[in-house]
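Visitor: Sharing data.tsv here; it has TSV, C-alpha atoms.
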chain	number	residue	atom	x	y	z
A	1	MET	CA	0.00	0.00	0.00
A	2	SER	CA	1.56	3.30	-1.05
A	3	ALA	CA	1.41	6.51	0.91
A	4	SER	CA	-0.52	8.07	-1.93
A	5	SER	CA	-3.18	5.38	-1.71
A	6	ILE	CA	-3.65	6.23	1.95
A	7	GLY	CA	-3.60	10.00	1.51
A	8	GLN	CA	-2.43	12.73	3.82
A	9	GLY	CA	-5.44	14.86	4.83
A	10	GLU	CA	-5.70	17.74	7.26
A	11	ASN	CA	-4.04	17.50	10.65
A	12	ASP	CA	-6.29	19.99	12.50
A	13	GLY	CA	-3.39	20.95	14.74
A	14	VAL	CA	-2.48	17.33	15.58
A	15	SER	CA	1.25	16.71	15.14
A	16	GLU	CA	3.02	13.56	14.01
A	17	ALA	CA	4.44	13.34	17.53
A	18	ASP	CA	0.90	13.38	18.95
A	19	VAL	CA	-0.06	10.53	16.64
A	20	ALA	CA	3.09	8.57	17.51
A	21	ARG	CA	2.35	8.87	21.23
A	22	ALA	CA	-1.27	7.78	20.72
A	23	LEU	CA	-0.10	4.80	18.66
A	24	ALA	CA	2.33	3.77	21.37
A	25	GLY	CA	-0.42	3.99	23.95
A	26	ALA	CA	-2.89	2.05	21.81
A	27	ALA	CA	-0.45	-0.84	21.61
A	28	VAL	CA	-0.51	-1.41	25.36
A	29	GLU	CA	-3.82	-0.15	26.76
A	30	PRO	CA	-7.40	0.68	25.73
A	31	LEU	CA	-7.88	3.97	23.93
A	32	ASP	CA	-9.48	6.91	25.63
A	33	GLN	CA	-11.45	9.46	23.62
A	34	ALA	CA	-8.58	11.92	23.35
A	35	GLN	CA	-6.20	9.27	21.97
A	36	ALA	CA	-8.84	7.96	19.58
A	37	THR	CA	-9.46	11.47	18.25
A	38	ILE	CA	-5.74	11.95	17.60
A	39	LEU	CA	-5.51	8.61	15.77
A	40	LEU	CA	-8.15	9.68	13.26
A	41	HIS	CA	-5.43	11.98	11.88
A	42	ALA	CA	-2.97	9.15	11.18
A	43	ARG	CA	-1.69	9.15	7.61
A	44	GLY	CA	1.23	7.64	5.72
A	45	ASP	CA	3.39	5.37	7.89
A	46	ASP	CA	1.33	6.24	10.96
A	47	LEU	CA	-1.83	5.09	9.23
A	48	ARG	CA	-0.14	1.85	8.21
A	49	ALA	CA	0.86	1.28	11.83
A	50	LEU	CA	-2.68	2.02	13.02
A	51	LEU	CA	-4.21	-0.37	10.49
A	52	SER	CA	-1.75	-3.08	11.46
A	53	LEU	CA	-2.73	-2.77	15.11
A	54	ALA	CA	-6.43	-2.90	14.24
A	55	ALA	CA	-5.94	-5.87	11.90
A	56	ARG	CA	-4.14	-7.85	14.59
A	57	THR	CA	-6.98	-7.10	16.99
A	58	ARG	CA	-9.52	-8.28	14.37
A	59	ASP	CA	-7.56	-11.44	13.66
A	60	ALA	CA	-7.44	-12.34	17.34
A	61	GLY	CA	-11.20	-11.90	17.51
A	62	LEU	CA	-11.79	-14.14	14.52
A	63	GLU	CA	-9.57	-16.80	16.07
A	64	ALA	CA	-11.49	-16.59	19.35
A	65	ALA	CA	-14.80	-16.83	17.47
A	66	GLY	CA	-13.69	-20.04	15.76
A	67	ARG	CA	-13.56	-18.49	12.29
A	68	PRO	CA	-9.89	-17.58	11.75
A	69	GLY	CA	-9.27	-15.82	8.47
A	70	VAL	CA	-12.96	-15.68	7.57
A	71	ILE	CA	-14.61	-12.50	6.33
A	72	THR	CA	-18.39	-12.73	6.04
A	73	TYR	CA	-21.24	-11.20	4.07
A	74	SER	CA	-25.01	-11.66	3.89
A	75	LYS	CA	-26.66	-12.60	0.60
A	76	LYS	CA	-29.86	-10.57	0.56
A	77	VAL	CA	-32.58	-8.73	-1.28
A	78	PHE	CA	-33.68	-5.18	-0.58
A	79	ILE	CA	-37.41	-4.68	-0.08
A	80	PRO	CA	-38.04	-0.90	-0.19
A	81	LEU	CA	-41.46	-1.07	1.45
A	82	THR	CA	-42.05	2.68	1.14
A	83	ARG	CA	-39.92	5.61	0.09
A	84	LEU	CA	-41.99	8.06	2.10
A	85	CYS	CA	-40.44	9.46	5.27
A	86	ARG	CA	-41.19	12.20	7.76
A	87	ASP	CA	-37.52	13.27	7.88
A	88	ARG	CA	-35.72	15.68	5.55
A	89	CYS	CA	-32.05	14.64	5.57
A	90	GLY	CA	-29.79	16.75	3.40
A	91	TYR	CA	-28.07	13.83	1.68
A	92	CYS	CA	-30.91	11.36	1.06
A	93	THR	CA	-32.18	10.31	-2.36
A	94	PHE	CA	-34.20	7.38	-1.04
A	95	ALA	CA	-37.02	9.42	0.48
A	96	THR	CA	-39.39	11.17	-1.89
A	97	VAL	CA	-42.85	12.75	-2.02
A	98	PRO	CA	-46.18	11.00	-2.72
A	99	GLY	CA	-46.61	12.62	-6.14
A	100	ARG	CA	-43.47	10.94	-7.45
A	101	LEU	CA	-44.58	7.44	-6.50
A	102	GLU	CA	-46.78	5.16	-8.56
A	103	SER	CA	-47.63	3.32	-5.33
A	104	LEU	CA	-47.08	4.69	-1.83
A	105	TYR	CA	-46.23	1.26	-0.42
A	106	LEU	CA	-45.20	-1.95	-2.12
A	107	SER	CA	-48.14	-4.32	-2.32
A	108	PRO	CA	-47.97	-7.80	-0.78
A	109	ASP	CA	-47.63	-9.26	-4.28
A	110	GLU	CA	-44.70	-6.95	-5.05
A	111	VAL	CA	-43.02	-7.84	-1.77
A	112	LEU	CA	-43.44	-11.55	-2.47
A	113	GLU	CA	-42.14	-11.23	-6.02
A	114	ILE	CA	-38.88	-9.68	-4.80
A	115	ALA	CA	-38.52	-12.24	-2.01
A	116	ARG	CA	-39.25	-15.23	-4.25
A	117	GLN	CA	-36.74	-14.10	-6.86
A	118	GLY	CA	-34.16	-13.67	-4.12
A	119	ALA	CA	-34.86	-17.09	-2.65
A	120	ALA	CA	-34.42	-18.67	-6.08
A	121	LEU	CA	-30.97	-17.06	-6.24
A	122	GLY	CA	-30.02	-18.45	-2.82
A	123	CYS	CA	-30.48	-15.23	-0.85
A	124	LYS	CA	-31.29	-15.76	2.80
A	125	GLU	CA	-31.99	-12.22	4.05
A	126	ALA	CA	-34.84	-9.87	3.18
A	127	LEU	CA	-33.78	-6.38	4.18
A	128	PHE	CA	-36.87	-4.22	4.70
A	129	THR	CA	-35.83	-0.63	4.20
A	130	LEU	CA	-38.22	2.32	4.48
A	131	GLY	CA	-38.66	5.83	5.75
A	132	ASP	CA	-39.50	6.76	9.32
A	133	ARG	CA	-43.25	6.83	10.13
A	134	PRO	CA	-44.38	8.52	6.90
A	135	GLU	CA	-47.99	8.75	8.13
A	136	ALA	CA	-46.85	11.37	10.64
A	137	ARG	CA	-46.03	13.72	7.76
A	138	TRP	CA	-47.98	12.57	4.72
A	139	ARG	CA	-51.78	12.52	4.69
A	140	GLN	CA	-51.65	10.16	1.69
A	141	ALA	CA	-49.70	7.58	3.71
A	142	ARG	CA	-52.24	7.74	6.53
A	143	GLU	CA	-55.09	7.25	4.04
A	144	TRP	CA	-53.34	4.29	2.39
A	145	LEU	CA	-52.81	2.56	5.73
A	146	ASP	CA	-56.43	3.18	6.76
A	147	ALA	CA	-57.73	1.87	3.44
A	148	HIS	CA	-55.69	-1.32	3.79
A	149	GLY	CA	-56.51	-1.95	7.45
A	150	TYR	CA	-53.22	-1.08	9.15
A	151	ASP	CA	-52.84	1.08	12.25
A	152	ASP	CA	-49.44	2.37	11.21
A	153	THR	CA	-46.48	1.66	8.95
A	154	LEU	CA	-44.90	-0.67	11.49
A	155	SER	CA	-48.05	-2.81	11.43
A	156	TYR	CA	-47.60	-3.18	7.69
A	157	VAL	CA	-43.92	-3.98	8.15
A	158	ARG	CA	-44.90	-6.72	10.59
A	159	ALA	CA	-47.48	-8.19	8.23
A	160	MET	CA	-45.04	-8.23	5.31
A	161	ALA	CA	-42.31	-9.81	7.43
A	162	ILE	CA	-44.71	-12.63	8.31
A	163	LEU	CA	-45.65	-13.01	4.65
A	164	VAL	CA	-42.01	-13.30	3.57
A	165	LEU	CA	-41.19	-15.76	6.34
A	166	GLU	CA	-44.17	-17.99	5.62
A	167	GLU	CA	-44.11	-17.93	1.86
A	168	THR	CA	-40.39	-17.83	1.04
A	169	GLY	CA	-38.35	-18.71	4.13
A	170	LEU	CA	-36.18	-15.60	3.76
A	171	LEU	CA	-35.19	-14.10	7.10
A	172	PRO	CA	-36.44	-10.52	7.54
A	173	HIS	CA	-34.04	-7.86	8.78
A	174	LEU	CA	-36.07	-4.77	9.62
A	175	ASN	CA	-34.82	-1.19	9.21
A	176	PRO	CA	-37.94	0.92	9.82
A	177	GLY	CA	-36.14	3.70	11.68
A	178	VAL	CA	-36.87	4.86	15.21
A	179	MET	CA	-38.65	2.29	17.38
A	180	ASN	CA	-39.47	1.97	21.07
A	181	GLU	CA	-39.64	-1.03	23.37
A	182	GLN	CA	-43.26	-1.75	22.45
A	183	ASP	CA	-42.35	-1.73	18.76
A	184	PHE	CA	-39.47	-4.13	19.37
A	185	GLN	CA	-41.72	-6.51	21.25
A	186	ARG	CA	-44.26	-6.71	18.46
A	187	LEU	CA	-41.64	-7.09	15.72
A	188	LYS	CA	-39.24	-9.48	17.45
A	189	PRO	CA	-41.45	-12.57	16.85
A	190	VAL	CA	-41.32	-12.01	13.06
A	191	ALA	CA	-37.70	-10.94	12.47
A	192	PRO	CA	-34.44	-12.44	13.74
A	193	SER	CA	-32.67	-9.06	13.63
A	194	MET	CA	-33.28	-5.35	13.23
A	195	GLY	CA	-31.19	-2.25	12.74
A	196	MET	CA	-30.87	1.51	12.63
A	197	MET	CA	-27.76	3.60	12.05
A	198	LEU	CA	-26.79	5.90	14.88
A	199	GLU	CA	-24.92	7.98	12.26
A	200	THR	CA	-23.64	10.65	14.65
A	201	THR	CA	-24.01	12.04	18.15
A	202	ALA	CA	-23.23	15.59	17.00
A	203	GLU	CA	-26.24	17.58	18.25
A	204	ARG	CA	-25.44	20.61	16.07
A	205	LEU	CA	-25.95	18.54	12.90
A	206	PHE	CA	-29.56	18.19	14.09
A	207	THR	CA	-30.26	21.56	15.70
A	208	VAL	CA	-28.59	24.09	13.39
A	209	ARG	CA	-30.64	25.33	10.43
A	210	GLY	CA	-29.15	24.07	7.18
A	211	ALA	CA	-27.32	21.17	8.86
A	212	PRO	CA	-27.76	17.65	7.41
A	213	HIS	CA	-30.34	16.51	9.98
A	214	PHE	CA	-32.19	19.79	10.59
A	215	GLY	CA	-35.94	19.28	10.32
A	216	SER	CA	-35.63	15.51	10.81
A	217	PRO	CA	-37.16	14.57	14.16
A	218	ASP	CA	-35.90	11.00	14.01
A	219	LYS	CA	-32.27	12.12	13.66
A	220	ASP	CA	-32.04	13.64	17.12
A	221	PRO	CA	-29.00	11.83	18.57
A	222	LYS	CA	-30.71	11.43	21.96
A	223	VAL	CA	-33.65	9.71	20.27
A	224	ARG	CA	-31.41	7.37	18.31
A	225	LEU	CA	-29.32	6.44	21.32
A	226	GLN	CA	-32.55	5.64	23.15
A	227	VAL	CA	-33.47	3.26	20.31
A	228	LEU	CA	-30.19	1.40	20.78
A	229	GLU	CA	-30.85	1.09	24.49
A	230	ASP	CA	-34.44	-0.05	23.95
A	231	ALA	CA	-33.23	-2.68	21.48
A	232	GLY	CA	-30.76	-3.92	24.06
A	233	ARG	CA	-33.39	-4.08	26.79
A	234	SER	CA	-35.70	-5.94	24.39
A	235	GLN	CA	-32.87	-8.37	23.58
A	236	VAL	CA	-33.09	-7.75	19.85
A	237	PRO	CA	-29.91	-8.51	17.86
A	238	PHE	CA	-29.20	-5.08	16.45
A	239	THR	CA	-27.16	-3.60	13.64
A	240	THR	CA	-26.04	0.00	13.91
A	241	GLY	CA	-23.16	2.22	12.91
A	242	ILE	CA	-21.80	5.63	12.07
A	243	LEU	CA	-21.85	7.71	8.89
A	244	ILE	CA	-18.68	9.73	8.47
A	245	GLY	CA	-18.19	12.90	6.47
A	246	LEU	CA	-21.43	14.68	7.37
A	247	GLY	CA	-19.52	17.65	8.76
A	248	GLU	CA	-18.77	16.20	12.18
A	249	THR	CA	-15.47	17.00	13.87
A	250	PRO	CA	-13.02	14.18	14.72
A	251	ALA	CA	-13.97	14.54	18.39
A	252	GLU	CA	-17.68	14.27	17.55
A	253	ARG	CA	-17.03	11.18	15.47
A	254	VAL	CA	-15.13	9.56	18.31
A	255	ASP	CA	-17.94	10.47	20.69
A	256	ALA	CA	-20.31	8.41	18.53
A	257	ILE	CA	-17.93	5.44	18.55
A	258	PHE	CA	-17.67	5.55	22.33
A	259	ALA	CA	-21.45	5.87	22.60
A	260	LEU	CA	-21.71	2.57	20.71
A	261	GLN	CA	-19.16	1.07	23.07
A	262	ARG	CA	-21.23	2.10	26.10
A	263	VAL	CA	-24.46	0.66	24.74
A	264	SER	CA	-22.74	-2.54	23.63
A	265	ARG	CA	-21.20	-3.09	27.05
A	266	ALA	CA	-24.46	-2.33	28.83
A	267	TYR	CA	-26.72	-4.67	26.86
A	268	ASN	CA	-24.51	-6.86	24.61
A	269	GLY	CA	-27.10	-6.52	21.86
A	270	ILE	CA	-25.16	-4.77	19.12
A	271	GLN	CA	-24.38	-7.63	16.78
A	272	GLU	CA	-22.53	-5.55	14.19
A	273	VAL	CA	-21.32	-2.01	13.59
A	274	ILE	CA	-21.22	-0.39	10.16
A	275	VAL	CA	-18.66	2.30	9.42
A	276	GLN	CA	-20.01	4.03	6.32
A	277	ASN	CA	-18.47	6.84	4.32
A	278	PHE	CA	-20.54	9.74	3.01
A	279	ARG	CA	-20.79	9.87	-0.78
A	280	ALA	CA	-22.40	12.97	-2.27
A	281	LYS	CA	-25.46	12.47	-4.47
A	282	PRO	CA	-26.90	14.73	-7.17
A	283	ASP	CA	-30.20	16.49	-6.45
A	284	THR	CA	-29.59	16.71	-2.70
A	285	LYS	CA	-28.75	19.66	-0.47
A	286	MET	CA	-25.31	18.14	0.14
A	287	ARG	CA	-24.51	17.45	-3.50
A	288	ASP	CA	-21.45	19.75	-3.38
A	289	THR	CA	-20.10	18.33	-0.11
A	290	PRO	CA	-16.83	16.45	-0.68
A	291	ASP	CA	-16.96	12.69	-0.27
A	292	ALA	CA	-15.37	11.28	2.86
A	293	GLU	CA	-11.82	10.30	1.95
A	294	LEU	CA	-11.04	6.60	1.99
A	295	ALA	CA	-7.98	7.24	4.16
A	296	ASP	CA	-10.33	8.86	6.67
A	297	LEU	CA	-12.65	5.85	6.40
A	298	ALA	CA	-9.76	3.44	7.00
A	299	ALA	CA	-8.54	5.36	10.04
A	300	THR	CA	-12.09	5.47	11.43
A	301	ILE	CA	-12.59	1.73	10.92
A	302	ALA	CA	-9.30	1.04	12.69
A	303	VAL	CA	-10.16	3.31	15.62
A	304	THR	CA	-13.61	1.72	15.85
A	305	ARG	CA	-11.99	-1.70	15.94
A	306	LEU	CA	-9.62	-0.70	18.73
A	307	VAL	CA	-12.38	0.95	20.77
A	308	LEU	CA	-14.96	-1.82	20.35
A	309	GLY	CA	-12.45	-4.65	20.61
A	310	ALA	CA	-11.61	-7.96	19.05
A	311	GLY	CA	-15.06	-9.44	19.59
A	312	ALA	CA	-16.93	-6.73	17.68
A	313	ARG	CA	-18.24	-7.45	14.20
A	314	ILE	CA	-17.39	-4.44	12.04
A	315	GLN	CA	-18.31	-3.88	8.40
A	316	ALA	CA	-17.93	-1.34	5.61
A	317	PRO	CA	-20.21	-1.39	2.54
A	318	PRO	CA	-18.13	-2.68	-0.40
A	319	ASN	CA	-20.00	-0.63	-3.01
A	320	LEU	CA	-18.86	2.63	-1.39
A	321	VAL	CA	-15.08	2.03	-1.34
A	322	GLY	CA	-14.21	2.10	-5.03
A	323	GLU	CA	-11.40	-0.37	-5.67
A	324	GLN	CA	-9.82	0.07	-2.23
A	325	TYR	CA	-10.88	-3.33	-0.87
A	326	GLN	CA	-7.40	-4.10	0.47
A	327	LEU	CA	-7.23	-0.83	2.37
A	328	ILE	CA	-10.56	-1.58	4.06
A	329	LEU	CA	-9.55	-5.16	4.89
A	330	ASP	CA	-6.30	-3.85	6.35
A	331	ALA	CA	-8.30	-1.46	8.55
A	332	GLY	CA	-9.85	-4.30	10.53
A	333	ILE	CA	-13.29	-5.13	9.14
A	334	ASP	CA	-14.51	-8.72	9.39
A	335	ASP	CA	-17.69	-8.37	7.33
A	336	TRP	CA	-18.75	-6.79	4.03
A	337	GLY	CA	-22.41	-6.42	5.00
A	338	GLY	CA	-25.34	-7.33	2.83
A	339	VAL	CA	-24.73	-7.86	-0.88
A	340	SER	CA	-27.51	-8.58	-3.34
A	341	PRO	CA	-27.34	-10.50	-6.63
A	342	LEU	CA	-30.81	-9.15	-7.47
A	343	THR	CA	-31.70	-5.73	-6.09
A	344	PRO	CA	-29.72	-2.49	-6.03
A	345	ASP	CA	-28.67	-0.65	-2.91
A	346	HIS	CA	-31.78	1.53	-2.79
A	347	VAL	CA	-30.06	3.99	-0.43
A	348	ASN	CA	-27.04	4.32	-2.75
A	349	PRO	CA	-28.47	3.24	-6.13
A	350	GLU	CA	-25.67	4.93	-8.05
A	351	ARG	CA	-23.13	2.57	-6.42
A	352	PRO	CA	-23.68	-0.97	-7.73
A	353	TRP	CA	-22.80	-3.99	-5.63
A	354	PRO	CA	-19.69	-5.93	-6.57
A	355	GLN	CA	-20.48	-9.38	-7.89
A	356	ILE	CA	-20.18	-11.96	-5.12
A	357	ASP	CA	-17.50	-13.85	-7.08
A	358	GLU	CA	-15.56	-10.59	-7.37
A	359	LEU	CA	-15.94	-9.95	-3.65
A	360	ALA	CA	-14.71	-13.46	-2.91
A	361	GLN	CA	-11.64	-12.89	-5.09
A	362	VAL	CA	-10.65	-9.55	-3.57
A	363	THR	CA	-11.15	-11.04	-0.12
A	364	LYS	CA	-8.91	-13.96	-1.09
A	365	ASN	CA	-6.35	-11.54	-2.48
A	366	GLY	CA	-6.31	-9.94	0.96
A	367	GLY	CA	-5.51	-13.26	2.61
A	368	PHE	CA	-9.00	-14.17	3.79
A	369	THR	CA	-11.83	-16.54	2.92
A	370	LEU	CA	-15.28	-15.15	2.17
A	371	ARG	CA	-18.18	-16.94	3.87
A	372	GLU	CA	-21.89	-16.27	3.76
A	373	ARG	CA	-23.62	-15.55	7.06
A	374	LEU	CA	-27.22	-15.07	8.12
A	375	THR	CA	-28.81	-11.79	9.11
A	376	ILE	CA	-28.52	-12.89	12.75
A	377	TYR	CA	-24.98	-13.59	13.91
A	378	PRO	CA	-24.10	-16.96	15.52
A	379	PRO	CA	-23.89	-15.79	19.17
A	380	TYR	CA	-27.48	-14.55	18.98
A	381	GLN	CA	-29.06	-17.66	17.50
A	382	ARG	CA	-30.50	-18.71	20.84
A	383	ALA	CA	-32.95	-17.55	23.45
A	384	PRO	CA	-33.52	-14.91	24.66
A	385	TRP	CA	-32.12	-13.13	21.59
A	386	LEU	CA	-33.92	-15.31	19.05
A	387	ASP	CA	-37.66	-15.62	19.44
A	388	PRO	CA	-38.77	-19.28	19.34
A	389	ARG	CA	-41.34	-18.43	16.69
A	390	VAL	CA	-38.59	-17.76	14.15
A	391	ALA	CA	-35.96	-20.15	15.50
A	392	ALA	CA	-36.88	-22.94	13.07
A	393	HIS	CA	-36.57	-20.56	10.12
A	394	VAL	CA	-33.06	-19.62	11.21
A	395	ALA	CA	-32.05	-23.21	11.88
A	396	ALA	CA	-33.17	-24.23	8.39
A	397	LEU	CA	-30.58	-21.91	6.83
A	398	ALA	CA	-27.73	-22.11	9.35
A	399	ASP	CA	-24.64	-24.28	9.23
A	400	PRO	CA	-25.02	-26.16	12.54
A	401	ALA	CA	-21.27	-26.25	13.10
A	402	SER	CA	-20.52	-22.53	12.74
A	403	GLY	CA	-23.84	-20.71	12.88
A	404	LEU	CA	-22.95	-19.02	9.60
A	405	ALA	CA	-25.08	-19.71	6.53
A	406	ASP	CA	-25.44	-23.17	5.06
A	407	GLU	CA	-24.45	-22.02	1.59
A	408	SER	CA	-26.22	-24.99	0.00
A	409	ALA	CA	-29.54	-24.16	1.69
A	410	ILE	CA	-32.32	-22.65	-0.41
A	411	PRO	CA	-35.03	-20.77	1.50
A	412	GLN	CA	-38.46	-22.27	1.05
A	413	ARG	CA	-42.01	-21.98	2.27
A	414	ARG	CA	-42.41	-23.06	5.89
A	415	PRO	CA	-45.33	-23.75	8.24
A	416	ARG	CA	-47.22	-20.80	9.65
A	417	ILE	CA	-45.51	-19.17	12.60
A	418	LEU	CA	-47.52	-18.71	15.78
A	419	ILE	CA	-48.03	-15.00	16.50
Output the structure of this file as structure tokens.
Guide:
Amino acid sequence: MSASSIGQGENDGVSEADVARALAGAAVEPLDQAQATILLHARGDDLRALLSLAARTRDAGLEAAGRPGVITYSKKVFIPLTRLCRDRCGYCTFATVPGRLESLYLSPDEVLEIARQGAALGCKEALFTLGDRPEARWRQAREWLDAHGYDDTLSYVRAMAILVLEETGLLPHLNPGVMNEQDFQRLKPVAPSMGMMLETTAERLFTVRGAPHFGSPDKDPKVRLQVLEDAGRSQVPFTTGILIGLGETPAERVDAIFALQRVSRAYNGIQEVIVQNFRAKPDTKMRDTPDAELADLAATIAVTRLVLGAGARIQAPPNLVGEQYQLILDAGIDDWGGVSPLTPDHVNPERPWPQIDELAQVTKNGGFTLRERLTIYPPYQRAPWLDPRVAAHVAALADPASGLADESAIPQRRPRILI
């Protein structure tokens, strides 16, 4: 890896000596927030040293988990249940307005068609992605739900998760945005896992007019942290993460990483952490904002690995890193996230997925073996994390020895679950 491939970046007043001292400390004791903030500035040889430390930590964790040298991914389909949302994020192209949609919500037949095609291709996860509580903003969404007999969008999510489970055997992973403990309790019996990105804990990105999250009630960092805690209390295997490059300072970014550490230690329910880099999109308020540099992404992944530890499962989306797969592997990830052979990344549709064979090859080039996993990670495939009503669906697709996916298994219709 050349210095130019890593990049130099701004030092924000942090000297090379500061970075060297933080690196020396990181080699012998857990990072504090000040050290972690300094290490985000590592570039050149310092970045290589940081990545090496993070990679060794990752490798020790994989060894302890019984999967040495194995990088995972989930073979999935995206089900964009609705593109309506009550939030107004400055970088989002997924959310839209009712007048631009032929149908406000996917119909049950449309949901099943996507799921069945995915099952035929060997996918095992159905990722339900949608906007936050659109009926709170859009009269048309409220009318659609009333006309179809649903109290709210989450009720429709629940019904469609049951439909996919029963009719295709795909395992739902639900990303409906902000939820509370009551929501988790009614969704847990129909989905092995759920998720919501924390994104950032920087309050000013929510409160200041013109900031990325201004006017988006569900992006209040306090609200999102509460969701993570409620998921932990509800014993729901949860996926979360940070989005870098929104305009947060290094200290604010590190604050978000340490917030994830606190929640993970308190409840042990965060099954994976995504470190995602901002990529500007046309036709958004942030279209002229520079993309997060990949060197910055690598440093952030490495710091996240050191803060969260060897046992954390950490991923970076492969369609957002250009050709820099080796850099991201070196940074300490152990998972590439969900990759679909059928549907685009509806949140980043301009960034196509790599082919799974290509992903396997670049992973092999990096010295690792690519293995498929399920939407629920092996340590959580038991009570109380896994509801007994979906346990048989998970077991049908899991490799009994490792808890990863049985790559020869094809999802299929299964008996009605008891709700």
Visitor: May I have the residues at most 12 Å from (-26.8, 16.9, 9.1) in the file's coordinates, counting all atoms listed in the file, as a ChimeraX atom specification?
Guide: /A:87-92,199-221,243-248,278,285-286,289
Visitor: Please return the centre and edge lengths, in Å to one decimal, of a box with edges along x, y and z that contains all listed atoms of region 288-303 of chain A, widened by 8 Å on every side, as AutoDock Vina command-line options.
Guide:
--center_x -14.7 --center_y 10.4 --center_z 6.1 --size_x 29.5 --size_y 34.7 --size_z 35.0
Visitor: Do a neighbour search on region 306-319 of chain A at 7 Å with all atoms listed in the file, toss out local chain neighbours closer than 2 positions, and write the hits as a list in words.
Guide: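 These residues fall inside the cut-off: Leu31, Ala54, Thr57, Arg58, Ala60, Gly61, Gln261, Gln271, Glu272, Val273, Ile274, Val275, Gln276, Ala302, Val303, Thr304, Val321, Gly322, Ile333, Asp334, Asp335, Trp336, Gly337, Arg351, Pro352, Trp353 and Pro354 of chain A.
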Visitor: Ranking A:Ile71, A:Arg158, A:Trp138, A:Thr93 by minimum distance to Pro282 (chain A) and counting all atoms listed in the file, which one comes first?
Guide: A:Thr93
Visitor: Which residues come within 8 Å of His393 (chain A), counting all atoms listed in the file, excluding same-chain residues fewer than 5 positions away, as a VMD selection string?
Guide: chain A and resid 165 169 171 414
Visitor: Measure the distance from CA of Pro237 (chain A) to CA of Ala95 (chain A) in Å and round it to one decimal.
Guide: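 Taking CA of Pro237 (chain A) as the start and CA of Ala95 (chain A) as the end point, the length is 26.0 Å.
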Visitor: Give me, please, the distance in Å between CA of Phe258 (chain A) and CA of Gln35 (chain A), quoted to one decimal.
Guide: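 These atoms are spaced 12.1 Å apart.
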Visitor: Rounded to one decimal in Å, what is the spacing between CA of Thr300 (chain A) and CA of Gly66 (chain A)?
Guide: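 One can read the CA of Thr300 (chain A) to CA of Gly66 (chain A) distance as 25.9 Å.
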Visitor: Determine the nearest neighbour of Glu125 (chain A) from the options A:His173, A:His148, A:Arg262, A:Arg83, counting only C-alpha atoms.
Guide: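 Smallest separation from Glu125 (chain A) among the options: A:His173.
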